[in-house]
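For reference, data-v2.txt is printed below; it contains compact mmCIF, C-alpha atoms and all ligand atoms.
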# COMPACT_ATOMS: atom_id res chain seq x y z
CA MET A 206 -11.35 3.12 38.00
CA LYS A 207 -7.99 1.37 38.11
CA LYS A 208 -7.50 -0.63 41.25
CA LEU A 209 -3.88 -0.60 42.24
CA ASP A 210 -2.45 -1.83 45.52
CA LEU A 211 1.32 -1.69 45.11
CA SER A 212 2.20 -2.66 48.67
CA LEU A 213 4.10 -5.88 47.93
CA TYR A 214 5.24 -6.01 44.32
CA VAL A 215 6.98 -9.25 43.42
CA ILE A 216 8.94 -9.50 40.19
CA SER A 217 9.76 -12.80 38.51
CA GLY A 218 13.29 -14.04 38.00
CA GLN A 219 13.37 -17.62 36.83
CA HIS A 220 17.18 -17.73 37.14
CA LEU A 221 16.89 -16.93 40.87
CA ALA A 222 14.13 -19.42 41.59
CA GLN A 223 16.44 -22.27 42.63
CA GLY A 224 15.19 -24.56 39.86
CA ARG A 225 11.56 -24.17 40.89
CA GLU A 226 8.86 -23.52 38.33
CA LEU A 227 8.08 -19.85 37.68
CA LEU A 228 4.34 -20.29 38.08
CA ALA A 229 4.66 -22.19 41.34
CA VAL A 230 6.99 -19.56 42.78
CA MET A 231 4.70 -16.70 41.81
CA GLU A 232 1.67 -18.51 43.21
CA ALA A 233 3.53 -19.01 46.49
CA ALA A 234 4.25 -15.27 46.55
CA LEU A 235 0.55 -14.52 46.00
CA VAL A 236 -0.39 -16.85 48.84
CA GLY A 237 2.01 -14.86 51.02
CA GLY A 238 0.26 -11.61 50.12
CA ALA A 239 1.88 -10.19 46.97
CA THR A 240 -0.46 -7.51 45.63
CA VAL A 241 1.27 -7.16 42.25
CA ILE A 242 3.23 -9.71 40.25
CA GLN A 243 5.40 -8.73 37.30
CA LEU A 244 6.60 -10.94 34.46
CA ARG A 245 10.25 -10.01 33.94
CA GLU A 246 12.15 -12.67 32.02
CA LYS A 247 14.88 -11.32 29.79
CA ASN A 248 15.66 -14.69 28.16
CA LEU A 249 12.22 -15.75 26.98
CA SER A 250 11.03 -15.48 23.38
CA GLY A 251 7.88 -13.55 22.50
CA ARG A 252 5.92 -16.81 22.33
CA GLU A 253 7.21 -17.91 25.69
CA LEU A 254 6.36 -14.54 27.22
CA VAL A 255 2.82 -14.81 25.89
CA ALA A 256 2.40 -18.28 27.39
CA ALA A 257 3.85 -17.23 30.76
CA GLY A 258 1.89 -13.98 30.68
CA LEU A 259 -1.48 -15.66 30.11
CA ALA A 260 -0.82 -18.09 32.95
CA LEU A 261 0.44 -15.42 35.37
CA LYS A 262 -2.46 -13.09 34.62
CA GLU A 263 -4.94 -15.86 35.40
CA LEU A 264 -3.04 -16.65 38.59
CA ALA A 265 -2.80 -13.04 39.76
CA HIS A 266 -6.49 -12.43 39.17
CA ARG A 267 -7.42 -15.58 41.07
CA TYR A 268 -5.74 -13.98 44.10
CA GLY A 269 -7.17 -10.52 43.50
CA ALA A 270 -3.72 -9.21 42.53
CA THR A 271 -2.53 -7.07 39.63
CA PHE A 272 -0.50 -8.46 36.73
CA ILE A 273 2.15 -6.33 35.03
CA VAL A 274 4.46 -7.16 32.10
CA ASN A 275 7.97 -5.74 32.11
CA ASP A 276 9.34 -3.78 29.13
CA ARG A 277 6.93 -5.02 26.45
CA VAL A 278 3.80 -3.08 25.54
CA ASP A 279 3.05 -5.60 22.78
CA ILE A 280 3.10 -8.59 25.14
CA ALA A 281 1.12 -6.69 27.80
CA LEU A 282 -1.64 -5.97 25.28
CA ALA A 283 -1.50 -9.41 23.69
CA VAL A 284 -2.21 -11.14 27.01
CA ASP A 285 -4.50 -8.34 28.26
CA ALA A 286 -2.30 -7.73 31.29
CA ASP A 287 -3.32 -5.04 33.75
CA GLY A 288 -0.35 -2.98 32.67
CA VAL A 289 3.25 -2.58 31.67
CA HIS A 290 6.42 -1.49 33.46
CA LEU A 291 8.81 0.57 31.37
CA GLY A 292 12.45 1.54 31.81
CA GLN A 293 14.06 4.83 30.90
CA ASP A 294 15.16 3.38 27.54
CA ASP A 295 11.90 1.70 26.61
CA LEU A 296 9.00 3.11 24.61
CA PRO A 297 8.29 6.65 25.87
CA VAL A 298 5.43 6.76 28.37
CA THR A 299 3.30 9.14 26.32
CA MET A 300 3.44 6.75 23.36
CA ALA A 301 2.77 3.73 25.55
CA ARG A 302 -0.25 5.57 26.97
CA GLN A 303 -1.54 6.30 23.47
CA ILE A 304 -1.20 2.68 22.49
CA MET A 305 -2.57 1.21 25.70
CA GLY A 306 -5.38 3.64 26.41
CA PRO A 307 -6.39 5.27 29.68
CA ASP A 308 -7.32 2.11 31.59
CA LYS A 309 -4.06 0.16 31.59
CA ILE A 310 -1.49 0.66 34.31
CA ILE A 311 1.86 2.16 33.29
CA GLY A 312 4.86 2.15 35.61
CA LEU A 313 8.23 3.75 34.94
CA SER A 314 11.62 3.04 36.55
CA THR A 315 13.53 6.04 37.86
CA HIS A 316 17.06 6.21 39.21
CA SER A 317 17.52 9.84 40.23
CA TRP A 318 15.59 12.82 41.55
CA GLU A 319 15.50 14.36 38.08
CA GLN A 320 14.03 11.21 36.55
CA ALA A 321 11.47 10.85 39.35
CA LEU A 322 10.38 14.48 39.01
CA ALA A 323 10.09 14.17 35.22
CA ALA A 324 8.17 10.88 35.56
CA SER A 325 5.71 12.45 37.99
CA LYS A 326 4.58 14.77 35.17
CA LEU A 327 3.96 11.91 32.73
CA PRO A 328 0.78 9.81 32.38
CA VAL A 329 2.10 7.07 34.70
CA ASP A 330 0.21 5.26 37.46
CA TYR A 331 3.31 4.72 39.56
CA ILE A 332 7.07 4.96 39.43
CA GLY A 333 9.87 2.69 40.65
CA VAL A 334 12.62 4.32 42.71
CA GLY A 335 15.94 2.54 42.96
CA PRO A 336 18.03 0.58 43.27
CA VAL A 337 17.83 1.66 46.89
CA PHE A 338 20.56 -0.78 47.92
CA PRO A 339 23.11 -2.75 45.89
CA THR A 340 21.46 -5.63 44.01
CA SER A 341 22.83 -8.62 42.17
CA SER A 342 19.51 -9.40 40.50
CA LYS A 343 20.02 -6.84 37.73
CA PRO A 344 23.46 -7.08 36.12
CA ASP A 345 23.19 -3.60 34.55
CA ALA A 346 21.70 -1.93 37.62
CA GLU A 347 22.46 1.74 38.13
CA LYS A 348 24.38 2.74 41.22
CA PRO A 349 22.33 2.66 44.43
CA VAL A 350 20.28 5.78 45.04
CA GLY A 351 20.09 5.19 48.78
CA LEU A 352 17.37 6.01 51.26
CA SER A 353 17.76 9.74 50.66
CA LEU A 354 16.04 9.54 47.26
CA VAL A 355 13.21 7.49 48.76
CA GLN A 356 12.80 10.17 51.40
CA ARG A 357 12.75 13.01 48.90
CA VAL A 358 10.28 11.34 46.55
CA ALA A 359 8.00 10.50 49.49
CA ARG A 360 8.10 14.08 50.72
CA GLU A 361 7.97 16.06 47.52
CA LEU A 362 6.04 14.03 44.94
CA SER A 363 2.50 12.75 45.06
CA VAL A 364 2.92 10.05 42.42
CA PRO A 365 2.60 6.53 43.92
CA PHE A 366 6.00 4.83 44.05
CA VAL A 367 7.58 1.49 44.83
CA ALA A 368 11.05 1.34 46.33
CA ILE A 369 13.18 -1.35 44.66
CA GLY A 370 16.65 -2.87 44.77
CA GLY A 371 18.27 -5.02 47.43
CA ILE A 372 15.29 -4.80 49.77
CA ASN A 373 14.85 -7.70 52.19
CA ALA A 374 13.44 -8.49 55.63
CA GLY A 375 16.62 -7.15 57.22
CA ASN A 376 16.45 -3.65 55.75
CA ILE A 377 12.80 -3.08 54.79
CA GLN A 378 12.09 -1.13 57.96
CA GLN A 379 14.63 1.50 56.94
CA VAL A 380 12.90 1.81 53.56
CA LEU A 381 9.49 2.22 55.18
CA ALA A 382 10.89 4.68 57.70
CA ALA A 383 12.20 6.73 54.77
CA GLY A 384 8.61 7.10 53.58
CA ALA A 385 8.03 4.21 51.16
CA ARG A 386 4.55 2.70 51.33
CA ASN A 387 5.32 -0.01 48.77
CA VAL A 388 8.28 -2.26 48.03
CA ALA A 389 9.25 -4.29 44.97
CA VAL A 390 11.51 -7.28 45.30
CA ILE A 391 12.91 -10.14 43.29
CA SER A 392 15.42 -12.19 45.28
CA ALA A 393 14.04 -11.64 48.79
CA VAL A 394 10.95 -13.58 47.74
CA VAL A 395 11.77 -15.52 44.56
CA ALA A 396 15.04 -16.98 45.87
CA ALA A 397 13.75 -17.65 49.40
CA PRO A 398 13.58 -21.26 50.58
CA ASP A 399 9.99 -20.63 51.70
CA VAL A 400 8.56 -18.17 49.19
CA THR A 401 5.20 -17.77 50.91
CA ALA A 402 6.75 -17.12 54.31
CA ALA A 403 9.19 -14.60 52.82
CA ALA A 404 6.38 -12.72 51.07
CA ARG A 405 4.24 -12.78 54.20
CA GLU A 406 7.04 -11.39 56.33
CA LEU A 407 7.62 -8.46 53.96
CA LYS A 408 3.89 -7.86 53.60
CA ASN A 409 3.50 -7.69 57.37
CA PHE A 410 6.27 -5.09 57.57
CA VAL A 411 4.60 -2.99 54.86
CA ALA A 412 1.20 -3.26 56.53
CA GLY A 413 2.74 -2.34 59.89
CA GLY A 414 4.61 0.59 58.32
CA ARG A 415 1.35 1.90 56.88
CA LYS A 416 -0.33 1.90 60.26
CA ALA A 417 2.58 3.61 61.98
N1 LIG B 501 15.37 -2.59 39.02
C1 LIG B 501 16.09 -1.89 39.89
S1 LIG B 501 16.82 -2.92 41.03
C2 LIG B 501 16.12 -4.30 40.33
C3 LIG B 501 15.36 -3.93 39.25
C4 LIG B 501 14.59 -4.84 38.38
C5 LIG B 501 16.36 -5.66 40.86
C6 LIG B 501 15.70 -5.90 42.17
O1 LIG B 501 15.97 -7.21 42.61
P1 LIG B 501 16.29 -7.53 44.14
O2 LIG B 501 16.67 -8.99 44.12
O3 LIG B 501 15.03 -7.31 44.90
O4 LIG B 501 17.43 -6.64 44.55
MG MG B 502 12.91 -2.54 31.61

I need this file expressed as C-alpha cells, please.
Amino acid sequence: MKKLDLSLYVISGQHLAQGRELLAVMEAALVGGATVIQLREKNLSGRELVAAGLALKELAHRYGATFIVNDRVDIALAVDADGVHLGQDDLPVTMARQIMGPDKIIGLSTHSWEQALAASKLPVDYIGVGPVFPTSSKPDAEKPVGLSLVQRVARELSVPFVAIGGINAGNIQQVLAAGARNVAVISAVVAAPDVTAAARELKNFVAGGRKA
C-alpha cells in the first residue's frame, strides 16, 4: 500500500533559498515536519536533477517523508523517487501510470473546477489545487482560483488534494477553513529566515485544522 501523508508538502526553489544550499533547506523543512518534499528546479540539467534527486530521496526517507519529482517521469524513475508531480501540459497521467506502474505516486496540478473534476477520474493519488492566492514563485502561474475552488473540491470530490499558491502563516487558516487538509508551499518555508520554525508553524496549523 502507498503511504501518503500530504499534510505539509514543501517544494524546492533554489532561487528563493536566500543563497542557502538546497539540501540544507529541505532538511530544515523536514525537521520542522514536512511530510512530502518535491524536487522542482527548472534550471538544472538532467544530471544535476539526478544528483539532487538521489540526495533528497535519501533525506526524505531518513525523516519518514515522501519524495516526489516535479515534471519528469524519467528522473523520478531513475532515482527511484516515491512519485512524480505532473502539470496539465506534461505527460498524460494515464501514460505516466503505464510507465511508472501501480505503486508510484502520481500527482496532477489543476487550476479550475473542470480540471479538478477530470483529474479525479484519472489514476492519480492526489491533485494540486491552485494557485489559491497570487504567487510570485511561479512566473507563469495561472490566475488565482481563490478559496471557492478549494471549498468546492473539498465538498464534491473525494480525491486527496493539496492547496497551493501564496499560502503562508497569515492566510493558512482560511485555506483550512475552506476544507483543505493539506497545503503545499515554496516561499513560506524555503525563503523563511528560520526554515524549520516556518515549517513547524504551518504544520501545527494543519494538524490543528484536522482536529477541528
Ligand atoms: N503551482 C501553483 S502555485 C505554485 C506552483 C508551483 C507556486 C507556489 O509557491 P508559493 O511560494 O508557495 O506561492
Ligand atoms: Mg510542472

Exercise for the section: Pick out the closest residue to A:Ala383 from this set: A:Pro297, A:Gly414, A:Gly218, A:Gly288. Count all atoms listed in the file. Expected result: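 For A:Ala383, the nearest of the candidates is A:Gly414.
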
Counting only C-alpha atoms, what is within 8 Å of A:Leu254, bar same-chain residues fewer than 5 positions away, as a short mmCIF file (atom, residue, chain, number, x, y, z; two decimals) with C-alpha atoms, in the coordinates of the input?
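As a result, result15.cif now contains:
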data_model
loop_
_atom_site.label_atom_id
_atom_site.label_comp_id
_atom_site.auth_asym_id
_atom_site.auth_seq_id
_atom_site.Cartn_x
_atom_site.Cartn_y
_atom_site.Cartn_z
CA GLU A 246 12.15 -12.67 32.02
CA LEU A 249 12.22 -15.75 26.98
CA ILE A 280 3.10 -8.59 25.14
#

Practice task
Enumerate residues in contact with ligand MG 502 (chain B): an atom-to-atom distance of at most 7 Å, counting only C-alpha atoms and all ligand atoms. Format the result as an MDAnalysis selection string.
Solution key: chainID A and resid 275:276 290:292 295

Exercise for the section: Using all atoms listed in the file, find each residue with an atom at most 10 Å away from ligand LIG 501 (chain B) and format the answer as an MDAnalysis selection string. Expected result: chainID A and resid 214:218 221 245 275 292 314:316 333:349 368:373 388:396

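Interatomic distance, atom CA of A:Val236 to atom CA of A:Thr401: 6.0 Å.
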
Practice task
Please indicate the distance in Å from atom CA of A:Trp318 to atom CA of A:Gln243, rounded to one decimal place.
Solution key: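 About the pair atom CA of A:Trp318 and atom CA of A:Gln243: they are 24.2 Å apart.
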
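Checking A:Leu259, A:Ile311, A:Leu407, A:Ala270 one by one against A:Glu232, counting all atoms listed in the file, you find the shortest gap at A:Ala270.
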
Exercise for the section: Would you mind telling me which residue in A:Gly312, A:Thr240, A:Ser212, A:Val230 lies nearest to A:Leu381 when using all atoms listed in the file? Expected result: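 Ranked by minimum distance to A:Leu381, first place goes to A:Ser212.
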
Handout entry: Close residues, A:Ala234 itself excluded, 6 Å, all atoms listed in the file, min 4 positions apart in chain, as a PyMOL selection string
Key = chain A and resi 239+400-401+404

Handout entry: Counting all atoms listed in the file, the residue of A:Val289, A:Val350, A:Ile304, A:Ala385 that sits nearest A:Val411
Key = A:Ala385

Practice task
Using all atoms listed in the file, find the one residue out of A:Ala397, A:Ala359, A:Val367, A:Ala265 that sits nearest to A:Gly384.
Solution key: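 That would be A:Ala359, the residue with the smallest distance to A:Gly384.
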
Fill in the blank from the handout: Restricting to only C-alpha atoms, whichever of A:Leu362, A:Ile310, A:Ala382, A:Met305 is closest to A:Asp287 is A:Ile310

Problem - d(atom CA of A:Asn387, atom CA of A:Leu352) in Å - result: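 Computing the Euclidean distance for atom CA of A:Asn387 and atom CA of A:Leu352 yields 13.7 Å.
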
Exercise for the section: Do a neighbour search on A:Val284 at 12 Å with only C-alpha atoms, toss out local chain neighbours closer than 2 positions, and write the hits as a list in words. Expected result: Leu244, Gly251, Arg252, Glu253, Leu254, Val255, Ala256, Ala257, Gly258, Leu259, Ala260, Leu261, Lys262, Glu263, Phe272, Ile273, Val274, Arg277, Val278, Asp279, Ile280, Ala281, Leu282, Ala286, Asp287, Gly288 and Val289 of chain A

Take the residues from that selection and put them in a file with C-alpha atoms, as a short mmCIF file (atom, residue, chain, number, x, y, z; two decimals), in the frame of the given file.
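File again_26.cif, as written:
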data_model
loop_
_atom_site.label_atom_id
_atom_site.label_comp_id
_atom_site.auth_asym_id
_atom_site.auth_seq_id
_atom_site.Cartn_x
_atom_site.Cartn_y
_atom_site.Cartn_z
CA LEU A 244 6.60 -10.94 34.46
CA GLY A 251 7.88 -13.55 22.50
CA ARG A 252 5.92 -16.81 22.33
CA GLU A 253 7.21 -17.91 25.69
CA LEU A 254 6.36 -14.54 27.22
CA VAL A 255 2.82 -14.81 25.89
CA ALA A 256 2.40 -18.28 27.39
CA ALA A 257 3.85 -17.23 30.76
CA GLY A 258 1.89 -13.98 30.68
CA LEU A 259 -1.48 -15.66 30.11
CA ALA A 260 -0.82 -18.09 32.95
CA LEU A 261 0.44 -15.42 35.37
CA LYS A 262 -2.46 -13.09 34.62
CA GLU A 263 -4.94 -15.86 35.40
CA PHE A 272 -0.50 -8.46 36.73
CA ILE A 273 2.15 -6.33 35.03
CA VAL A 274 4.46 -7.16 32.10
CA ARG A 277 6.93 -5.02 26.45
CA VAL A 278 3.80 -3.08 25.54
CA ASP A 279 3.05 -5.60 22.78
CA ILE A 280 3.10 -8.59 25.14
CA ALA A 281 1.12 -6.69 27.80
CA LEU A 282 -1.64 -5.97 25.28
CA ALA A 286 -2.30 -7.73 31.29
CA ASP A 287 -3.32 -5.04 33.75
CA GLY A 288 -0.35 -2.98 32.67
CA VAL A 289 3.25 -2.58 31.67
#
